[in-house]
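J.: Below you will find the structure I want to go over with you.
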Amino acid sequence: MSKALPKRSENYSEWYNEIVKRAGLAENSPVRGCMIIKPYGFAIWEKMQRALDDMFKATGHENAYFPLFIPKSFLEKEEEHAEGFAKECAVVTHYRLKADPNNKGALIVDPEARLEEELIIRPTSETVIWNAYRTWIQSWRDLPILINQWANVVRWEMRTRLFLRTAEFLWQEGHTAHATEQEAIEETEQMLGVYEDFAENWMALPVVQGVKTANERFAGAVETYCIEALMQDGRALQAGTSHFLGQNFAKVFDVKFVNRENQLEYPWATSWGVSTRLMGALIMAHSDDNGLVLPPKLAPIQVVIIPIFKTEEDLARISERVEPIVAELRKAGISVKFDSDDKQRSGWKFAEYELRGVPVRLAIGARDLENGTIEVARRDNLTKESVTIDGVVETVKIVLEQMQEAIYQKALRFREENTFTVDTWDEFKMQIEKGGFVLAHWDGTPETEERIKDETKATIRCIPLNSAEESGQCVMTGNDSAERVIFARAY
RNA sequence: CGGGGCGUAGCACAGCUUGGUAGUGCGCACGGUUUGGGACCGUGAGGCCGCAAGUUCGAAUCUUGCCGCCCCGACCA
């Protein structure tokens, strides 16, 4: 195994692939397009899950679980939804194998065991869930229903990349039902806010809240809201979506409730999700040529302590000094690993924990014991300083907080420096080629959006929610436009 | 599905042109010397050379077919 990672500046996608594998986050599986999430990668995902789950609960949601298999007829009900997902569904047609009579040891699909109705492996769960809601919802008193599920889904993608786009991925999907349109829209916006909060305060990832254009809208939604982030190579990544589904699913699954006036009405729906794709965003937003850089709040190991020793006796003396520090850090809620393994040398460990993105490294050797000091190294800016052992726990707490903020600020600065306002077609093409968010006027038609995509590979990432009204002319057609939208090449 | 590349030890690869004992580095095991930024020496284990058929006295190497993977495009969170 070569020591150095490919450089971001030379080959960004190879850098990404290598970092995922070498930092022990994930690897390819025997099945094309699927991935094995390794313990260290899964530990990060678990921290994300925990934070998000707490936020969902805090906003009144409950977890439930709906099945992996969806009858094909369910998927067919909502026309746009069906069309949107049809071409990427895995389908179960049989329920039994049998020994191949012509080939000893081999198994074949038993032709006798064909399912009467094929089952789709869920690409998303609106249909099964709304089918269930039919019996759950009778009266306005049953509403709202605020459900979330943590699950895997399958979308048979042509081209896949670890975390960013895999055939099977893990996610959460919230599915809510409301008595009024207004309430459902508020829910959609609220959850988008939750995602923004999570992205910025946990992932240290600045995001733009916006609305998708018709072309980019979720299949079956009335309106799709999103948070969009900018990666270090200048490409955009959709980090989360929240959909206002109107009454589309209620109608096709015949879900009705009696309102206060004793009239039958269709409830209003939302759905919202984030996936293991966030892992890709996390990696691409912050990491450097030495490896992963993790925001402290999501780092499985926040502090690693590396003893520098020659003999068993040295190690024993260091351990004695380190153990109370470990205990104190843990008491402060900080996850810490004391790596006293003598099979690897300290230099190897330094490089390894940098690769894995451990935020703070403490190194302590005989010299430190004499001086009463310990070395504190920061992963984000690779600086190190010597501090007194007595104050190290306090120092670590401060450093972790500073890092969380510094990583966010760095990403924010990057986004600001890579957000451009352009007004001419030539400028537009040139800037898209260079990368970044490009703010430009658009005449609001799907046709123009499509033409721009064909010519530049750029899509409208979103119509920002809080952008100022500003009349202008469409960058491609010159037609009137009321506001700027964000264009970028995207993952 | 188009275009390109690759299948040889756990990993990364050489060997193939010109057929003749299966190799190198990393990793692994054991022993020793080392240890403040990816240590070194010695010994050792580990292979149906992607699969199948063919050519040949003899195939990792030549021929044909198949399978798989990766990268680039069209589709997408």
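As shown in the structure tokens, the chain order sets the letters A, B, ...; within each chain, residues go from 1, and ligands are also counted from 1 in the order they appear.
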Pick out the chain B residues within 7 Å of chain A. Count only C-alpha atoms (C1' of nucleotides). Give them as a list in words.

T.: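 Here is what falls inside 7 Å: C11, A12, C26, U35, G36, G37, G38, C75 and C76 of chain B.
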
J.: Please provide as an MDAnalysis selection string all residues within 10 Å of Asn148 of chain A, with the sequence filter that same-chain residues fewer than 3 positions apart are discarded (counting only C-alpha atoms (C1' of nucleotides)).

T.: chainID A and resid 53 56:57 61:66 145 151 172:176 271:273

J.: Keeping only all heavy atoms, write those residues as a short mmCIF file (atom, residue, chain, number, x, y, z; two decimals), in the first residue's frame.

T.:
data_model
loop_
_atom_site.label_atom_id
_atom_site.label_comp_id
_atom_site.auth_asym_id
_atom_site.auth_seq_id
_atom_site.Cartn_x
_atom_site.Cartn_y
_atom_site.Cartn_z
N ASP A 53 -31.84 11.96 14.82
CA ASP A 53 -32.97 11.31 15.48
C ASP A 53 -33.46 12.14 16.67
O ASP A 53 -34.66 12.32 16.88
CB ASP A 53 -32.58 9.90 15.94
CG ASP A 53 -33.79 9.00 16.10
OD1 ASP A 53 -34.49 8.78 15.09
OD2 ASP A 53 -34.04 8.55 17.22
N PHE A 56 -35.44 14.96 15.32
CA PHE A 56 -36.77 14.54 14.85
C PHE A 56 -37.70 14.36 16.05
O PHE A 56 -38.85 14.79 16.02
CB PHE A 56 -36.71 13.22 14.07
CG PHE A 56 -35.86 13.27 12.83
CD1 PHE A 56 -35.30 12.11 12.30
CD2 PHE A 56 -35.64 14.47 12.16
CE1 PHE A 56 -34.52 12.15 11.15
CE2 PHE A 56 -34.87 14.52 11.01
CZ PHE A 56 -34.29 13.35 10.51
N LYS A 57 -37.20 13.73 17.08
CA LYS A 57 -38.01 13.50 18.27
C LYS A 57 -38.39 14.85 18.89
O LYS A 57 -39.51 15.05 19.33
CB LYS A 57 -37.24 12.65 19.29
CG LYS A 57 -36.76 11.30 18.76
CD LYS A 57 -37.80 10.21 18.92
CE LYS A 57 -37.43 8.93 18.18
NZ LYS A 57 -36.21 8.28 18.70
N HIS A 61 -41.69 13.90 16.19
CA HIS A 61 -41.82 12.73 15.31
C HIS A 61 -41.54 11.43 16.06
O HIS A 61 -40.82 11.42 17.05
CB HIS A 61 -40.86 12.87 14.12
CG HIS A 61 -41.12 14.10 13.31
ND1 HIS A 61 -40.58 15.32 13.63
CD2 HIS A 61 -41.90 14.30 12.22
CE1 HIS A 61 -41.01 16.23 12.77
NE2 HIS A 61 -41.81 15.65 11.90
N GLU A 62 -42.12 10.35 15.53
CA GLU A 62 -41.90 9.02 16.11
C GLU A 62 -41.33 8.11 15.03
O GLU A 62 -41.68 8.24 13.85
CB GLU A 62 -43.22 8.41 16.57
CG GLU A 62 -43.90 9.16 17.69
CD GLU A 62 -45.24 8.51 18.03
OE1 GLU A 62 -46.15 8.53 17.17
OE2 GLU A 62 -45.34 7.98 19.13
N ASN A 63 -40.52 7.16 15.46
CA ASN A 63 -39.99 6.20 14.51
C ASN A 63 -40.91 5.01 14.34
O ASN A 63 -41.57 4.59 15.29
CB ASN A 63 -38.61 5.71 14.94
CG ASN A 63 -37.53 6.75 14.70
OD1 ASN A 63 -37.66 7.59 13.80
ND2 ASN A 63 -36.49 6.71 15.50
N ALA A 64 -40.92 4.47 13.13
CA ALA A 64 -41.67 3.25 12.85
C ALA A 64 -40.89 2.51 11.76
O ALA A 64 -39.87 3.01 11.30
CB ALA A 64 -43.07 3.58 12.37
N TYR A 65 -41.37 1.35 11.40
CA TYR A 65 -40.70 0.63 10.32
C TYR A 65 -41.70 0.01 9.36
O TYR A 65 -42.62 -0.70 9.78
CB TYR A 65 -39.76 -0.46 10.87
CG TYR A 65 -38.96 -1.08 9.76
CD1 TYR A 65 -37.85 -0.44 9.22
CD2 TYR A 65 -39.36 -2.29 9.18
CE1 TYR A 65 -37.15 -0.98 8.16
CE2 TYR A 65 -38.66 -2.84 8.12
CZ TYR A 65 -37.56 -2.18 7.61
OH TYR A 65 -36.87 -2.70 6.55
N PHE A 66 -41.50 0.29 8.10
CA PHE A 66 -42.35 -0.27 7.04
C PHE A 66 -41.52 -1.22 6.20
O PHE A 66 -40.30 -1.11 6.16
CB PHE A 66 -42.91 0.87 6.18
CG PHE A 66 -43.89 1.73 6.94
CD1 PHE A 66 -43.43 2.77 7.74
CD2 PHE A 66 -45.25 1.48 6.86
CE1 PHE A 66 -44.32 3.55 8.46
CE2 PHE A 66 -46.15 2.27 7.59
CZ PHE A 66 -45.68 3.30 8.38
N ILE A 145 -50.06 13.02 11.57
CA ILE A 145 -49.26 11.82 11.80
C ILE A 145 -47.83 12.19 11.45
O ILE A 145 -47.56 12.68 10.35
CB ILE A 145 -49.75 10.66 10.93
CG1 ILE A 145 -51.10 10.18 11.49
CG2 ILE A 145 -48.74 9.52 10.94
CD1 ILE A 145 -51.65 8.96 10.82
N ALA A 151 -34.05 3.34 7.34
CA ALA A 151 -34.15 2.16 6.50
C ALA A 151 -33.09 2.16 5.41
O ALA A 151 -32.36 3.12 5.22
CB ALA A 151 -35.53 2.11 5.86
N GLN A 172 -32.95 8.07 6.27
CA GLN A 172 -34.18 8.19 7.03
C GLN A 172 -35.17 8.85 6.10
O GLN A 172 -34.81 9.67 5.26
CB GLN A 172 -34.00 8.96 8.32
CG GLN A 172 -33.49 10.39 8.25
CD GLN A 172 -34.37 11.42 7.63
OE1 GLN A 172 -33.86 12.32 6.97
NE2 GLN A 172 -35.68 11.30 7.81
N GLU A 173 -36.43 8.45 6.24
CA GLU A 173 -37.48 9.10 5.47
C GLU A 173 -38.62 9.43 6.42
O GLU A 173 -39.14 8.57 7.10
CB GLU A 173 -37.94 8.22 4.30
CG GLU A 173 -38.19 6.76 4.64
CD GLU A 173 -38.62 5.94 3.42
OE1 GLU A 173 -39.31 6.47 2.53
OE2 GLU A 173 -38.27 4.75 3.38
N GLY A 174 -38.92 10.71 6.46
CA GLY A 174 -40.04 11.15 7.27
C GLY A 174 -41.28 11.21 6.40
O GLY A 174 -41.20 11.60 5.23
N HIS A 175 -42.41 10.77 6.94
CA HIS A 175 -43.66 10.80 6.17
C HIS A 175 -44.77 11.32 7.08
O HIS A 175 -45.13 10.64 8.04
CB HIS A 175 -44.01 9.41 5.66
CG HIS A 175 -43.02 8.89 4.66
ND1 HIS A 175 -43.12 9.15 3.32
CD2 HIS A 175 -41.89 8.16 4.83
CE1 HIS A 175 -42.11 8.59 2.68
NE2 HIS A 175 -41.34 7.98 3.57
N THR A 176 -45.26 12.49 6.78
CA THR A 176 -46.25 13.08 7.67
C THR A 176 -47.55 13.36 6.93
O THR A 176 -47.56 13.52 5.70
CB THR A 176 -45.73 14.39 8.30
OG1 THR A 176 -45.61 15.39 7.27
CG2 THR A 176 -44.37 14.18 8.95
N SER A 271 -42.81 14.53 2.82
CA SER A 271 -41.78 13.53 3.09
C SER A 271 -40.43 14.21 3.00
O SER A 271 -40.30 15.22 2.31
CB SER A 271 -41.87 12.34 2.12
OG SER A 271 -41.48 12.71 0.82
N TRP A 272 -39.47 13.68 3.74
CA TRP A 272 -38.17 14.35 3.81
C TRP A 272 -37.10 13.33 4.17
O TRP A 272 -37.37 12.36 4.89
CB TRP A 272 -38.20 15.49 4.84
CG TRP A 272 -39.20 15.32 5.95
CD1 TRP A 272 -40.52 15.68 5.94
CD2 TRP A 272 -38.97 14.69 7.24
NE1 TRP A 272 -41.12 15.33 7.13
CE2 TRP A 272 -40.20 14.74 7.94
CE3 TRP A 272 -37.85 14.13 7.85
CZ2 TRP A 272 -40.33 14.23 9.24
CZ3 TRP A 272 -37.99 13.62 9.14
CH2 TRP A 272 -39.23 13.68 9.82
N GLY A 273 -35.93 13.52 3.62
CA GLY A 273 -34.90 12.52 3.86
C GLY A 273 -33.47 13.02 3.71
O GLY A 273 -33.20 13.95 2.97
#

J.: Using DSSP assignments from the backbone, pull out every residue in segment 196-399 of chain A that falls under strand (DSSP E) and give it to me as a PyMOL selection string.

T.: chain A and resi 208-211+223-230+236-246+257-258+264-265+268-275+303-308+336-338+360-365+373-378+384-388

J.: Within 9 Å of Met48 of chain A, counting only C-alpha atoms (C1' of nucleotides), which residues qualify if same-chain residues fewer than 6 places away don't, as a JSON list (two decimals) with C-alpha atoms, in the first residue's frame?

T.:
[["chain", "number", "residue", "atom", "x", "y", "z"],
["A", 198, "PHE", "CA", -27.78, 19.62, 11.36],
["A", 202, "TRP", "CA", -22.93, 19.09, 13.32],
["A", 203, "MET", "CA", -21.34, 18.57, 9.94],
["A", 278, "LEU", "CA", -24.07, 12.90, 3.76],
["A", 298, "LEU", "CA", -19.17, 13.71, 14.44]]

J.: Write out as a VMD selection string each polymer residue whose atoms come within 9 Å of Arg141 of chain A, counting only C-alpha atoms (C1' of nucleotides); drop sequence neighbours fewer than 2 positions from it.

T.: chain A and resid 137 to 139 143 to 144 257 to 260

J.: DSSP says helix (DSSP H, G or I) for which residues of segment 203-283 of chain A? Put them as a ChimeraX atom specification?

T.: /A:214-216,248-252,277-283

J.: Taking 5 positions as the minimum chain separation for residues in the same chain, which residues sit within 12 Å of C72 of chain B when counting only C-alpha atoms (C1' of nucleotides)? Answer as JSON, numbers by chain.

T.: {"A": [159], "B": [2, 3, 4, 5]}

J.: Print the selection's residues with all heavy atoms to a file, as an mmCIF file, in the first residue's frame.

T.:
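The file below, again_2.cif, is the result:
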data_model
loop_
_atom_site.group_PDB
_atom_site.id
_atom_site.type_symbol
_atom_site.label_atom_id
_atom_site.label_comp_id
_atom_site.auth_asym_id
_atom_site.auth_seq_id
_atom_site.Cartn_x
_atom_site.Cartn_y
_atom_site.Cartn_z
ATOM 1 N N ARG A 159 -24.394 4.279 -12.644
ATOM 2 C CA ARG A 159 -23.035 4.581 -12.227
ATOM 3 C C ARG A 159 -23.038 4.924 -10.751
ATOM 4 O O ARG A 159 -23.817 5.731 -10.295
ATOM 5 C CB ARG A 159 -22.526 5.787 -13.015
ATOM 6 C CG ARG A 159 -21.195 5.539 -13.647
ATOM 7 C CD ARG A 159 -20.933 6.521 -14.723
ATOM 8 N NE ARG A 159 -19.921 7.477 -14.298
ATOM 9 C CZ ARG A 159 -18.795 7.147 -13.703
ATOM 10 N NH1 ARG A 159 -18.527 5.887 -13.440
ATOM 11 N NH2 ARG A 159 -17.927 8.053 -13.357
ATOM 12 P P G B 2 -23.352 -1.700 -26.002
ATOM 13 O OP1 G B 2 -23.210 -2.556 -27.190
ATOM 14 O OP2 G B 2 -22.573 -1.997 -24.797
ATOM 15 O "O5'" G B 2 -23.081 -0.190 -26.419
ATOM 16 C "C5'" G B 2 -22.405 0.130 -27.638
ATOM 17 C "C4'" G B 2 -21.924 1.542 -27.605
ATOM 18 O "O4'" G B 2 -22.618 2.271 -26.551
ATOM 19 C "C3'" G B 2 -20.458 1.732 -27.255
ATOM 20 O "O3'" G B 2 -19.591 1.502 -28.347
ATOM 21 C "C2'" G B 2 -20.451 3.178 -26.768
ATOM 22 O "O2'" G B 2 -20.565 4.093 -27.820
ATOM 23 C "C1'" G B 2 -21.727 3.187 -25.929
ATOM 24 N N9 G B 2 -21.431 2.727 -24.560
ATOM 25 C C8 G B 2 -21.838 1.559 -23.967
ATOM 26 N N7 G B 2 -21.395 1.426 -22.743
ATOM 27 C C5 G B 2 -20.654 2.580 -22.514
ATOM 28 C C6 G B 2 -19.939 3.010 -21.366
ATOM 29 O O6 G B 2 -19.808 2.432 -20.292
ATOM 30 N N1 G B 2 -19.323 4.238 -21.572
ATOM 31 C C2 G B 2 -19.391 4.965 -22.730
ATOM 32 N N2 G B 2 -18.725 6.133 -22.737
ATOM 33 N N3 G B 2 -20.049 4.590 -23.812
ATOM 34 C C4 G B 2 -20.671 3.397 -23.636
ATOM 35 P P G B 3 -18.321 0.520 -28.158
ATOM 36 O OP1 G B 3 -18.366 -0.478 -29.247
ATOM 37 O OP2 G B 3 -18.294 0.062 -26.755
ATOM 38 O "O5'" G B 3 -17.072 1.473 -28.392
ATOM 39 C "C5'" G B 3 -17.195 2.876 -28.571
ATOM 40 C "C4'" G B 3 -16.260 3.627 -27.656
ATOM 41 O "O4'" G B 3 -16.993 4.118 -26.502
ATOM 42 C "C3'" G B 3 -15.121 2.848 -27.014
ATOM 43 O "O3'" G B 3 -14.043 2.558 -27.894
ATOM 44 C "C2'" G B 3 -14.729 3.789 -25.871
ATOM 45 O "O2'" G B 3 -14.027 4.909 -26.352
ATOM 46 C "C1'" G B 3 -16.114 4.225 -25.385
ATOM 47 N N9 G B 3 -16.560 3.318 -24.314
ATOM 48 C C8 G B 3 -17.428 2.266 -24.389
ATOM 49 N N7 G B 3 -17.589 1.645 -23.245
ATOM 50 C C5 G B 3 -16.770 2.334 -22.365
ATOM 51 C C6 G B 3 -16.525 2.138 -20.978
ATOM 52 O O6 G B 3 -16.996 1.280 -20.228
ATOM 53 N N1 G B 3 -15.628 3.072 -20.475
ATOM 54 C C2 G B 3 -15.038 4.062 -21.208
ATOM 55 N N2 G B 3 -14.180 4.864 -20.560
ATOM 56 N N3 G B 3 -15.248 4.264 -22.505
ATOM 57 C C4 G B 3 -16.125 3.373 -23.009
ATOM 58 P P G B 4 -13.069 1.285 -27.565
ATOM 59 O OP1 G B 4 -12.104 1.174 -28.667
ATOM 60 O OP2 G B 4 -13.939 0.140 -27.212
ATOM 61 O "O5'" G B 4 -12.304 1.738 -26.248
ATOM 62 C "C5'" G B 4 -11.157 2.566 -26.340
ATOM 63 C "C4'" G B 4 -10.676 2.941 -24.966
ATOM 64 O "O4'" G B 4 -11.808 3.290 -24.128
ATOM 65 C "C3'" G B 4 -9.979 1.852 -24.174
ATOM 66 O "O3'" G B 4 -8.646 1.623 -24.573
ATOM 67 C "C2'" G B 4 -10.104 2.386 -22.749
ATOM 68 O "O2'" G B 4 -9.198 3.445 -22.527
ATOM 69 C "C1'" G B 4 -11.529 2.942 -22.775
ATOM 70 N N9 G B 4 -12.480 1.917 -22.306
ATOM 71 C C8 G B 4 -13.392 1.204 -23.057
ATOM 72 N N7 G B 4 -14.094 0.361 -22.336
ATOM 73 C C5 G B 4 -13.612 0.529 -21.034
ATOM 74 C C6 G B 4 -13.983 -0.110 -19.815
ATOM 75 O O6 G B 4 -14.832 -0.981 -19.636
ATOM 76 N N1 G B 4 -13.233 0.367 -18.747
ATOM 77 C C2 G B 4 -12.248 1.316 -18.836
ATOM 78 N N2 G B 4 -11.638 1.638 -17.692
ATOM 79 N N3 G B 4 -11.894 1.923 -19.956
ATOM 80 C C4 G B 4 -12.619 1.477 -21.010
ATOM 81 P P G B 5 -8.068 0.101 -24.529
ATOM 82 O OP1 G B 5 -6.761 0.104 -25.223
ATOM 83 O OP2 G B 5 -9.142 -0.820 -24.965
ATOM 84 O "O5'" G B 5 -7.815 -0.145 -22.967
ATOM 85 C "C5'" G B 5 -6.837 0.612 -22.290
ATOM 86 C "C4'" G B 5 -7.003 0.465 -20.802
ATOM 87 O "O4'" G B 5 -8.388 0.703 -20.431
ATOM 88 C "C3'" G B 5 -6.721 -0.911 -20.231
ATOM 89 O "O3'" G B 5 -5.337 -1.172 -20.098
ATOM 90 C "C2'" G B 5 -7.443 -0.830 -18.884
ATOM 91 O "O2'" G B 5 -6.700 -0.069 -17.951
ATOM 92 C "C1'" G B 5 -8.698 -0.048 -19.265
ATOM 93 N N9 G B 5 -9.832 -0.947 -19.543
ATOM 94 C C8 G B 5 -10.406 -1.237 -20.752
ATOM 95 N N7 G B 5 -11.417 -2.079 -20.649
ATOM 96 C C5 G B 5 -11.502 -2.350 -19.297
ATOM 97 C C6 G B 5 -12.400 -3.190 -18.572
ATOM 98 O O6 G B 5 -13.326 -3.877 -19.010
ATOM 99 N N1 G B 5 -12.129 -3.179 -17.202
ATOM 100 C C2 G B 5 -11.126 -2.464 -16.606
ATOM 101 N N2 G B 5 -11.012 -2.584 -15.293
ATOM 102 N N3 G B 5 -10.285 -1.669 -17.266
ATOM 103 C C4 G B 5 -10.538 -1.664 -18.596
#

J.: In Å, rounded to a single decimal, give me how far atom CA of Phe74 of chain A is from atom CA of Ile121 of chain A.

T.: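 So the two atoms, atom CA of Ile121 of chain A and atom CA of Phe74 of chain A, lie 11.8 Å apart.
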